[in-house]
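Below is work-v6.cif, holding mmCIF, C-alpha atoms.
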```cif
data_entry
loop_
_atom_site.label_atom_id
_atom_site.label_comp_id
_atom_site.auth_asym_id
_atom_site.auth_seq_id
_atom_site.Cartn_x
_atom_site.Cartn_y
_atom_site.Cartn_z
CA MET P 1 22.72 6.86 3.54
CA ASN P 2 23.93 9.52 5.87
CA ARG P 3 21.00 10.25 8.08
CA ASP P 4 20.20 10.44 11.76
CA LYS P 5 21.75 13.83 11.96
CA ASP P 6 21.78 15.80 15.15
CA PHE P 7 18.28 16.94 15.61
CA LEU P 8 16.84 20.16 16.86
CA PRO P 9 13.19 19.78 17.78
CA VAL P 10 11.90 23.06 16.67
CA GLU P 11 10.41 25.11 19.42
CA GLY P 12 9.75 28.34 17.69
CA ALA P 13 12.95 28.56 15.73
CA LYS P 14 12.40 27.96 12.02
CA LYS P 15 8.83 27.06 12.88
CA ASN P 16 7.24 29.40 10.45
CA LYS P 17 9.77 30.57 7.99
CA THR P 18 6.89 31.82 5.93
CA SER P 19 3.86 33.04 7.69
CA ARG P 20 1.06 31.77 5.52
CA GLY P 21 -1.70 31.61 8.08
CA ILE P 22 -0.95 28.01 8.87
CA GLU P 23 -1.40 28.61 12.62
CA SER P 24 -5.11 29.12 12.07
CA ASP P 25 -5.36 25.52 10.83
CA PHE P 26 -4.36 24.14 14.23
CA GLY P 27 -7.22 25.34 16.36
CA ALA P 28 -8.38 22.58 18.67
CA ALA P 29 -11.99 21.95 19.55
CA ASP P 30 -11.83 24.35 22.53
CA GLY P 31 -10.40 27.11 20.38
CA GLU P 32 -6.86 26.89 21.73
CA PRO P 33 -4.14 26.23 19.18
CA ASP P 34 -3.03 22.62 19.17
CA GLU P 35 0.63 23.06 20.08
CA GLU P 36 1.47 19.39 19.89
CA LEU P 37 0.07 19.09 16.39
CA MET P 38 1.91 22.23 15.30
CA GLN P 39 5.13 20.85 16.73
CA ALA P 40 4.64 17.48 15.02
CA LEU P 41 3.91 19.07 11.66
CA THR P 42 6.88 21.40 11.94
CA ASN P 43 9.14 18.48 12.78
CA PHE P 44 7.64 16.56 9.88
CA ARG P 45 8.30 19.43 7.47
CA LEU P 46 11.89 19.77 8.67
CA SER P 47 12.38 16.03 8.41
CA VAL P 48 11.11 15.97 4.82
CA GLU P 49 13.30 18.96 3.98
CA ALA P 50 16.37 17.27 5.47
CA TRP P 51 15.67 14.06 3.58
CA SER P 52 14.95 15.91 0.35
CA GLU P 53 18.10 18.04 0.61
CA ALA P 54 20.22 14.97 1.27
CA ALA P 55 18.65 13.02 -1.58
CA TYR P 56 18.79 15.99 -3.95
CA SER P 57 22.46 16.73 -3.33
CA ARG P 58 23.64 13.13 -3.22
CA PRO P 59 26.32 12.24 -5.73
CA ARG P 60 24.84 10.55 -8.76
CA ALA P 61 26.72 7.76 -10.43
CA ALA P 62 25.41 7.70 -13.97
CA MET P 63 27.07 4.40 -14.78
CA ARG P 64 25.68 2.74 -11.70
CA VAL P 65 22.19 3.91 -12.43
CA HIS P 66 22.60 2.82 -16.03
CA GLY P 67 23.92 -0.53 -14.88
CA ARG P 68 21.06 -0.92 -12.47
CA ARG P 69 18.59 -0.08 -15.20
CA ILE P 70 20.17 -2.62 -17.51
CA TRP P 71 20.11 -5.15 -14.70
CA ARG P 72 16.47 -4.38 -14.01
CA LEU P 73 15.65 -4.58 -17.69
CA ALA P 74 17.49 -7.90 -17.99
CA ALA P 75 15.79 -9.19 -14.85
CA GLY P 76 12.44 -8.05 -16.22
CA TRP P 77 13.05 -9.80 -19.52
CA ALA P 78 14.32 -12.94 -17.79
CA LEU P 79 11.28 -13.01 -15.53
CA GLY P 80 9.00 -12.40 -18.50
CA CYS P 81 10.66 -15.16 -20.53
CA ALA P 82 10.51 -17.56 -17.58
CA LEU P 83 6.82 -16.81 -17.10
CA LEU P 84 6.19 -17.24 -20.80
CA ALA P 85 8.16 -20.51 -20.92
CA GLY P 86 6.36 -21.74 -17.81
CA ALA P 87 2.99 -20.86 -19.26
CA GLY P 88 3.93 -22.50 -22.60
CA THR P 89 5.17 -25.67 -20.92
CA GLY P 90 2.04 -25.79 -18.80
CA LEU P 91 -0.14 -25.48 -21.88
CA VAL P 92 1.76 -28.18 -23.76
CA ARG P 93 1.63 -30.50 -20.73
CA GLU P 94 -2.07 -29.83 -20.31
CA ARG P 95 -2.72 -30.54 -23.98
CA HIS P 96 -0.63 -33.72 -23.87
CA LEU P 97 -2.46 -34.87 -20.75
CA ARG P 98 -5.82 -34.26 -22.38
CA GLN P 99 -4.77 -36.15 -25.51
CA GLU P 100 -3.54 -39.06 -23.37
CA GLN P 101 -6.79 -39.11 -21.42
CA ALA P 102 -8.80 -39.06 -24.67
CA ARG P 103 -6.68 -41.89 -26.07
CA ILE P 104 -7.18 -44.01 -22.92
CA ALA P 105 -10.92 -43.27 -22.94
CA ALA P 106 -11.17 -44.27 -26.61
CA ALA P 107 -9.23 -47.53 -25.97
CA ALA P 108 -11.47 -48.33 -23.00
CA GLN P 109 -14.55 -47.68 -25.14
CA VAL P 110 -13.27 -50.02 -27.90
CA GLU P 111 -12.49 -52.72 -25.30
CA ARG P 112 -15.96 -52.37 -23.80
CA GLN P 113 -17.55 -52.67 -27.26
CA ARG P 114 -15.42 -55.71 -28.07
CA MET P 115 -16.37 -57.43 -24.82
CA ALA P 116 -20.04 -56.59 -25.36
CA ALA P 117 -19.88 -58.10 -28.88
CA GLU P 118 -18.19 -61.27 -27.57
CA GLN P 119 -20.78 -61.59 -24.84
CA GLN P 120 -23.55 -61.16 -27.36
CA ALA P 121 -22.03 -63.84 -29.64
CA ARG P 122 -21.71 -66.22 -26.68
CA ASP P 123 -25.31 -65.60 -25.71
CA GLU P 124 -26.51 -66.25 -29.25
CA GLU P 125 -24.49 -69.46 -29.45
CA GLU P 126 -25.91 -70.67 -26.16
CA LEU P 127 -29.41 -69.84 -27.33
CA LEU P 128 -28.96 -71.76 -30.59
CA ALA P 129 -27.55 -74.78 -28.76
CA LYS P 130 -30.49 -74.69 -26.38
CA VAL P 131 -32.92 -74.46 -29.29
CA ASP P 132 -31.25 -77.44 -31.01
CA SER P 133 -31.41 -79.58 -27.90
CA ASP P 134 -34.98 -78.54 -27.21
CA VAL P 135 -36.02 -79.32 -30.80
CA SER P 136 -34.30 -82.72 -30.71
CA ARG P 137 -36.23 -83.68 -27.60
CA GLU P 138 -39.53 -82.67 -29.16
CA VAL P 139 -40.21 -86.06 -30.95
CA PRO P 140 -43.47 -87.45 -29.46
CA SER P 141 -43.06 -90.84 -27.70
CA ALA P 142 -46.21 -92.26 -29.34
CA MET P 143 -44.52 -92.12 -32.73
CA GLU P 144 -41.45 -94.07 -31.70
CA PRO P 145 -42.63 -97.61 -32.89
CA LEU P 146 -43.56 -96.21 -36.29
CA ALA P 147 -40.23 -94.57 -36.55
CA GLN P 148 -38.55 -97.92 -35.96
CA LEU P 149 -40.60 -99.52 -38.77
CA MET P 150 -39.66 -96.78 -41.13
CA ALA P 151 -36.04 -97.31 -40.30
CA GLU P 152 -36.36 -101.10 -41.00
CA ASP P 153 -38.04 -100.51 -44.42
CA GLU P 154 -35.23 -98.26 -45.40
CA THR P 155 -32.65 -100.96 -44.57
CA LYS P 156 -34.47 -103.54 -46.71
CA MET W 1 14.50 44.73 -46.84
CA ALA W 2 17.36 42.33 -46.12
CA SER W 3 18.43 44.30 -43.14
CA SER W 4 14.87 44.29 -41.73
CA ILE W 5 14.67 40.47 -42.05
CA THR W 6 18.00 40.09 -40.29
CA LEU W 7 16.82 42.43 -37.56
CA GLU W 8 13.57 40.45 -37.17
CA THR W 9 15.48 37.16 -36.97
CA MET W 10 17.80 38.64 -34.38
CA THR W 11 14.88 39.95 -32.34
CA SER W 12 13.17 36.55 -32.54
CA LEU W 13 16.33 34.76 -31.47
CA THR W 14 16.74 37.11 -28.59
CA ALA W 15 13.17 36.44 -27.49
CA ASP W 16 13.77 32.68 -27.70
CA GLU W 17 16.96 33.02 -25.77
CA ARG W 18 15.22 35.15 -23.19
CA SER W 19 12.47 32.57 -22.88
CA ALA W 20 15.02 29.74 -22.50
CA GLU W 21 16.88 31.72 -19.90
CA GLU W 22 13.68 32.41 -18.01
CA PHE W 23 12.73 28.73 -18.09
CA SER W 24 16.20 27.75 -16.93
CA ARG W 25 15.95 30.19 -14.03
CA ILE W 26 12.56 28.83 -13.01
CA VAL W 27 13.78 25.25 -13.19
CA THR W 28 16.81 26.06 -11.07
CA SER W 29 14.76 27.78 -8.39
CA HIS W 30 11.77 25.41 -8.26
CA ARG W 31 13.26 22.02 -8.99
CA PRO W 32 14.18 21.24 -5.34
CA GLN W 33 10.62 22.01 -4.23
CA ILE W 34 9.08 19.84 -6.93
CA PHE W 35 11.45 17.04 -5.98
CA ARG W 36 10.67 17.46 -2.27
CA PHE W 37 6.92 17.31 -2.88
CA LEU W 38 7.24 14.19 -5.05
CA LEU W 39 9.61 12.56 -2.57
CA ALA W 40 7.19 13.13 0.30
CA SER W 41 4.32 11.84 -1.85
CA THR W 42 6.06 8.67 -2.99
CA ARG W 43 8.77 8.06 -0.32
CA ASP W 44 10.85 6.82 -3.25
CA VAL W 45 13.98 8.78 -4.20
CA ASP W 46 14.38 7.20 -7.65
CA LEU W 47 10.73 7.63 -8.52
CA ALA W 48 10.72 11.21 -7.24
CA GLU W 49 13.73 12.01 -9.44
CA THR W 50 12.14 10.40 -12.48
CA LEU W 51 8.87 12.24 -11.97
CA THR W 52 10.71 15.52 -11.39
CA GLN W 53 12.52 15.04 -14.70
CA GLU W 54 9.26 14.22 -16.46
CA CYS W 55 7.62 17.25 -14.89
CA LEU W 56 10.35 19.59 -16.11
CA LEU W 57 10.37 17.99 -19.55
CA LYS W 58 6.63 18.45 -19.83
CA ALA W 59 6.95 22.02 -18.59
CA HIS W 60 9.64 22.71 -21.19
CA ARG W 61 7.43 21.35 -23.98
CA ASN W 62 4.53 23.50 -22.85
CA TRP W 63 6.53 26.52 -21.81
CA SER W 64 5.30 28.55 -24.74
CA SER W 65 1.68 27.96 -23.64
CA PHE W 66 2.33 29.16 -20.09
CA ARG W 67 0.56 32.48 -19.94
CA GLY W 68 1.47 33.40 -16.40
CA ASP W 69 -2.11 33.29 -15.09
CA SER W 70 -0.76 31.52 -12.04
CA SER W 71 2.75 31.54 -10.62
CA ALA W 72 5.31 29.33 -12.32
CA MET W 73 5.58 27.29 -9.11
CA THR W 74 1.83 26.62 -9.05
CA TRP W 75 1.96 25.67 -12.74
CA LEU W 76 4.87 23.27 -12.17
CA MET W 77 3.19 21.84 -9.10
CA ARG W 78 0.03 21.18 -11.10
CA ILE W 79 2.08 19.25 -13.68
CA ALA W 80 3.81 17.30 -10.89
CA ILE W 81 0.49 16.42 -9.23
CA ASN W 82 -0.96 15.20 -12.53
CA LEU W 83 2.13 13.15 -13.31
CA GLN W 84 2.00 11.57 -9.89
CA LYS W 85 -1.68 10.84 -10.32
CA ASP W 86 -1.08 9.31 -13.76
CA HIS W 87 1.74 7.23 -12.39
CA TRP W 88 -0.34 5.61 -9.65
CA ARG W 89 -3.52 5.31 -11.68
CA ASN W 90 -1.97 3.74 -14.70
CA ARG W 91 -2.95 0.15 -14.04
CA ARG W 92 -1.41 -1.31 -17.17
CA MET W 93 2.07 -1.49 -15.70
CA GLN W 94 0.99 -1.91 -12.09
CA PHE W 95 2.58 -5.34 -11.76
CA TRP W 96 5.98 -4.09 -12.88
CA ARG W 97 5.67 -1.04 -10.68
CA GLN W 98 5.02 -3.20 -7.66
CA THR W 99 8.01 -5.38 -8.35
CA ARG W 100 10.15 -2.30 -8.89
CA ASN W 101 8.77 -0.38 -5.96
CA SER W 102 11.69 1.00 -3.98
CA SER W 103 9.88 3.30 -1.59
CA VAL W 104 11.22 3.34 1.93
CA ASP W 105 9.04 2.42 4.87
CA VAL W 106 7.69 4.86 7.41
CA ASP W 107 10.32 4.11 10.03
CA GLU W 108 13.14 4.69 7.60
CA ALA W 109 11.60 7.96 6.42
CA SER W 110 11.27 9.08 10.06
CA ASP W 111 15.04 8.76 10.53
CA TRP W 112 15.57 11.90 8.52
CA LEU W 113 15.84 14.75 10.93
CA PRO W 114 17.24 18.23 10.47
CA SER W 115 20.61 19.12 11.92
CA GLY W 116 20.99 21.09 15.10
CA GLU W 117 21.88 20.64 18.70
CA SER W 118 19.42 18.92 20.94
CA SER W 119 19.11 16.34 23.67
CA ALA W 120 18.64 12.65 22.93
CA GLU W 121 15.22 12.76 24.56
CA LYS W 122 14.04 15.56 22.29
CA LYS W 123 15.44 13.75 19.29
CA LEU W 124 13.50 10.64 20.21
CA LEU W 125 10.31 12.60 20.76
CA ALA W 126 10.69 14.34 17.43
CA ARG W 127 11.38 11.07 15.64
CA GLU W 128 8.24 9.59 17.14
CA GLN W 129 6.17 12.58 16.08
CA VAL W 130 7.52 12.44 12.55
CA GLY W 131 6.80 8.71 12.46
CA HIS W 132 3.22 9.28 13.56
CA VAL W 133 2.70 11.89 10.85
CA TRP W 134 4.07 9.48 8.23
CA LYS W 135 1.75 6.76 9.52
CA ALA W 136 -1.22 9.12 9.42
CA MET W 137 -0.20 10.06 5.84
CA GLU W 138 -0.52 6.44 4.83
CA ARG W 139 -4.17 6.51 5.86
CA LEU W 140 -4.96 9.64 3.85
CA SER W 141 -6.56 9.50 0.45
CA GLU W 142 -4.42 10.56 -2.51
CA ARG W 143 -6.11 13.95 -2.65
CA GLN W 144 -5.91 14.54 1.09
CA ARG W 145 -2.22 13.64 1.04
CA THR W 146 -1.51 16.03 -1.83
CA VAL W 147 -3.33 18.88 -0.14
CA PHE W 148 -1.72 18.10 3.21
CA LEU W 149 1.80 18.10 1.75
CA LEU W 150 1.25 21.29 -0.20
CA ARG W 151 0.03 23.02 2.93
CA TYR W 152 2.32 21.71 5.66
CA VAL W 153 5.50 20.83 3.80
CA GLU W 154 5.45 23.27 0.92
CA GLU W 155 3.57 25.89 2.96
CA ARG W 156 1.42 26.98 0.07
CA GLU W 157 -1.53 29.33 0.39
CA LEU W 158 -4.99 27.79 0.18
CA SER W 159 -5.63 29.65 -3.07
CA GLU W 160 -2.41 28.27 -4.56
CA ILE W 161 -3.31 24.74 -3.47
CA ALA W 162 -6.76 25.15 -4.98
CA GLU W 163 -5.21 26.30 -8.24
CA ALA W 164 -2.60 23.54 -8.33
CA THR W 165 -5.07 20.77 -7.56
CA GLY W 166 -8.01 22.13 -9.51
CA LEU W 167 -10.21 22.07 -6.40
CA SER W 168 -12.18 24.86 -4.82
CA GLU W 169 -10.81 26.50 -1.69
CA GLY W 170 -13.69 25.06 0.31
CA THR W 171 -12.83 21.54 -0.82
CA VAL W 172 -9.16 22.14 -0.01
CA LYS W 173 -10.14 23.25 3.50
CA ALA W 174 -12.33 20.18 3.94
CA HIS W 175 -9.50 17.85 2.85
CA LEU W 176 -7.07 19.64 5.15
CA SER W 177 -9.45 19.39 8.06
CA ARG W 178 -9.89 15.64 7.55
CA ALA W 179 -6.17 15.12 7.09
CA LEU W 180 -5.40 17.06 10.28
CA ALA W 181 -8.01 15.07 12.18
CA LYS W 182 -6.29 11.85 11.14
CA VAL W 183 -2.86 13.18 12.13
CA ARG W 184 -4.27 14.34 15.47
CA THR W 185 -5.85 10.91 16.07
CA GLU W 186 -2.58 9.19 15.23
CA LEU W 187 -0.63 11.47 17.57
CA ARG W 188 -3.08 11.09 20.45
CA GLY W 189 -3.63 7.40 19.94
CA ASN W 190 0.04 6.76 20.53
CA GLN W 191 0.57 8.83 23.63
#
```
Please express the file's structure as structure tokens.
Amino acid sequence: MNRDKDFLPVEGAKKNKTSRGIESDFGAADGEPDEELMQALTNFRLSVEAWSEAAYSRPRAAMRVHGRRIWRLAAGWALGCALLAGAGTGLVRERHLRQEQARIAAAAQVERQRMAAEQQARDEEELLAKVDSDVSREVPSAMEPLAQLMAEDETK
Amino acid sequence: MASSITLETMTSLTADERSAEEFSRIVTSHRPQIFRFLLASTRDVDLAETLTQECLLKAHRNWSSFRGDSSAMTWLMRIAINLQKDHWRNRRMQFWRQTRNSSVDVDEASDWLPSGESSAEKKLLAREQVGHVWKAMERLSERQRTVFLLRYVEERELSEIAEATGLSEGTVKAHLSRALAKVRTELRGNQ
């Protein structure tokens, strides 16, 4: 852009091209007009005018603008699609992860149940064996001679 | 009978043509001012051009309803202010606007200085002053900024500003006073 033109800080010249009572706005607290503020605002106005005139009268390349718009539109669509794809992939990955976690949790649950059942079976077996051995030892010793006689009668 | 219809049609056409001509004249004379106001408000050349176009399009659509109660400039300025307001307040497309934002920064805007002959020292001083005003503008509310620009860039009368913004003159004065206080603080705080 062609800017930074030679500058004329306005000291009276072009200061108030239209007298619209603007000076009365600049009264300082002591009643004296605030010259510095007036100067700054005048320079600001002239700066905006210079910028506006330059921007307004700049050559306009319709094709370039059109191209830029197309580029922006394409970039917008590409960004939108990328965001959409990213969001979609994220959702799919999240869902897959959750399914995997659920599957692992279910397998672990089955394994725990299986182990608990095996443990229970072992416990029952041990209990039965203990009962058998305990029952077999329960024959009173006082009956042992009689038991021998009974065994002899049976052989005869 | 036929001749009277033809005459009526011709009269109507002439009125339409006159109206179109009048609108074209107003657009030609006021378009740079509308653009300047929007440029200073947005610091974005592309956006200012787009909003200027929208403003004139809206004005053209409503041209028949313009009764001339206010000046054409005030009427156009009111449309421009509303468009600008709508643009910034429309939150639906805010994300895209931010990514497409091409407004220049304060320092770049301060580089624009009018032509003339002057010393380097004065140029520097002026650039600094302009920069301080831009910085102070950034701290103004939307309404204060609009009023400030209409007064000190467009040099509009208080009554015109009140009409264009839909505020009372007292409110306009209050906004101007606050805006000036901020500019003054910015100028003095950087001395």
Around the point (3.9, 28.7, -10.6) in the file's coordinates, collect all residues with an atom within 12 Å, using all atoms listed in the file, and return them as a VMD selection string.
chain W and resid 23 26 to 27 29 to 31 33 to 34 59 63 66 to 80 156 160 to 161 163 to 164
Given the PyMOL selection byres ((chain P and resi 48) around 8), the residues it picks as JSON, numbers by chain
{"P": [44, 45, 46, 47, 49, 50, 51, 52], "W": [36, 40, 112, 113, 153]}
What's around Leu83 in chain W at 12 Å? Count all atoms listed in the file, leave out sequence neighbours fewer than 2 positions away in its own chain, and write the answer as a list in words.
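Near Leu83 in chain W, the qualifying residues are Ile34, Leu38, Ser41, Thr42, Leu47, Ala48, Thr50, Leu51, Thr52, Gln53, Glu54, Cys55, Leu56, Leu57, Lys58, Ala59, Leu76, Met77, Arg78, Ile79, Ala80, Ile81, Lys85, Asp86, His87, Trp88, Arg89, Asn90 and Thr165 of chain W.
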Please determine, counting only C-alpha atoms, which residue among W:Glu157, W:Val183, W:Leu167, W:Val172 has the shortest atom-to-atom distance to Val133 in chain W.
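Result for the nearest residue to Val133 in chain W: W:Val183.
From CA of Leu187 in chain W back to CA of Arg151 in chain W, the distance works out to 18.7 Å.
Counting all atoms listed in the file and comparing W:Pro32, W:Arg18, W:Phe37, W:His60, the residue that lies closest to Glu155 in chain W is W:Phe37.
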Atom-to-atom span, CA of Leu124 in chain W and CA of Gly189 in chain W, Å:
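Distance between the two atoms: 17.4 Å.
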Distance CA of Leu149 in chain W-CA of Leu180 in chain W, one decimal place?
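Interatomic distance, CA of Leu149 in chain W to CA of Leu180 in chain W: 11.2 Å.
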From the list W:Ala179, W:Glu142, W:Phe35, W:Ala136, which residue is nearest chain P when using all atoms listed in the file?
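Among the listed residues, the smallest separation from chain P belongs to W:Phe35.
Considering only C-alpha atoms, the residue among W:Arg188, W:Arg143, W:His175, W:Lys182 positioned nearest to Gln129 in chain W is W:Arg188.
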Given 5 Å of margin on each side, can you work out the centre and size in Å (one decimal) of an axis-aligned box holding every listed atom of range 14-29 of chain W, as AutoDock Vina command-line options?
```
--center_x 14.7 --center_y 31.2 --center_z -18.5 --size_x 14.5 --size_y 21.9 --size_z 30.2
```
Point out the residue among W:Glu17, W:Glu138, W:Asp46, W:Glu22 with the least atom-to-atom distance to chain P, counting only C-alpha atoms.
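So, comparing all the options, the nearest one is W:Asp46.
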Extract, using only C-alpha atoms, all DNA, RNA and protein residues at most 10 Å from Thr171 in chain W, discarding same-chain residues fewer than 5 positions from it, and format them as a PyMOL selection string.
chain W and resi 147+162+166+176-177
Using all atoms listed in the file, pick whichever of P:Cys81, P:Leu91, P:Ile70, P:Leu41 has the shortest atom-to-atom distance to chain W.
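With all atoms listed in the file as the atom set, the closest residue is P:Leu41.
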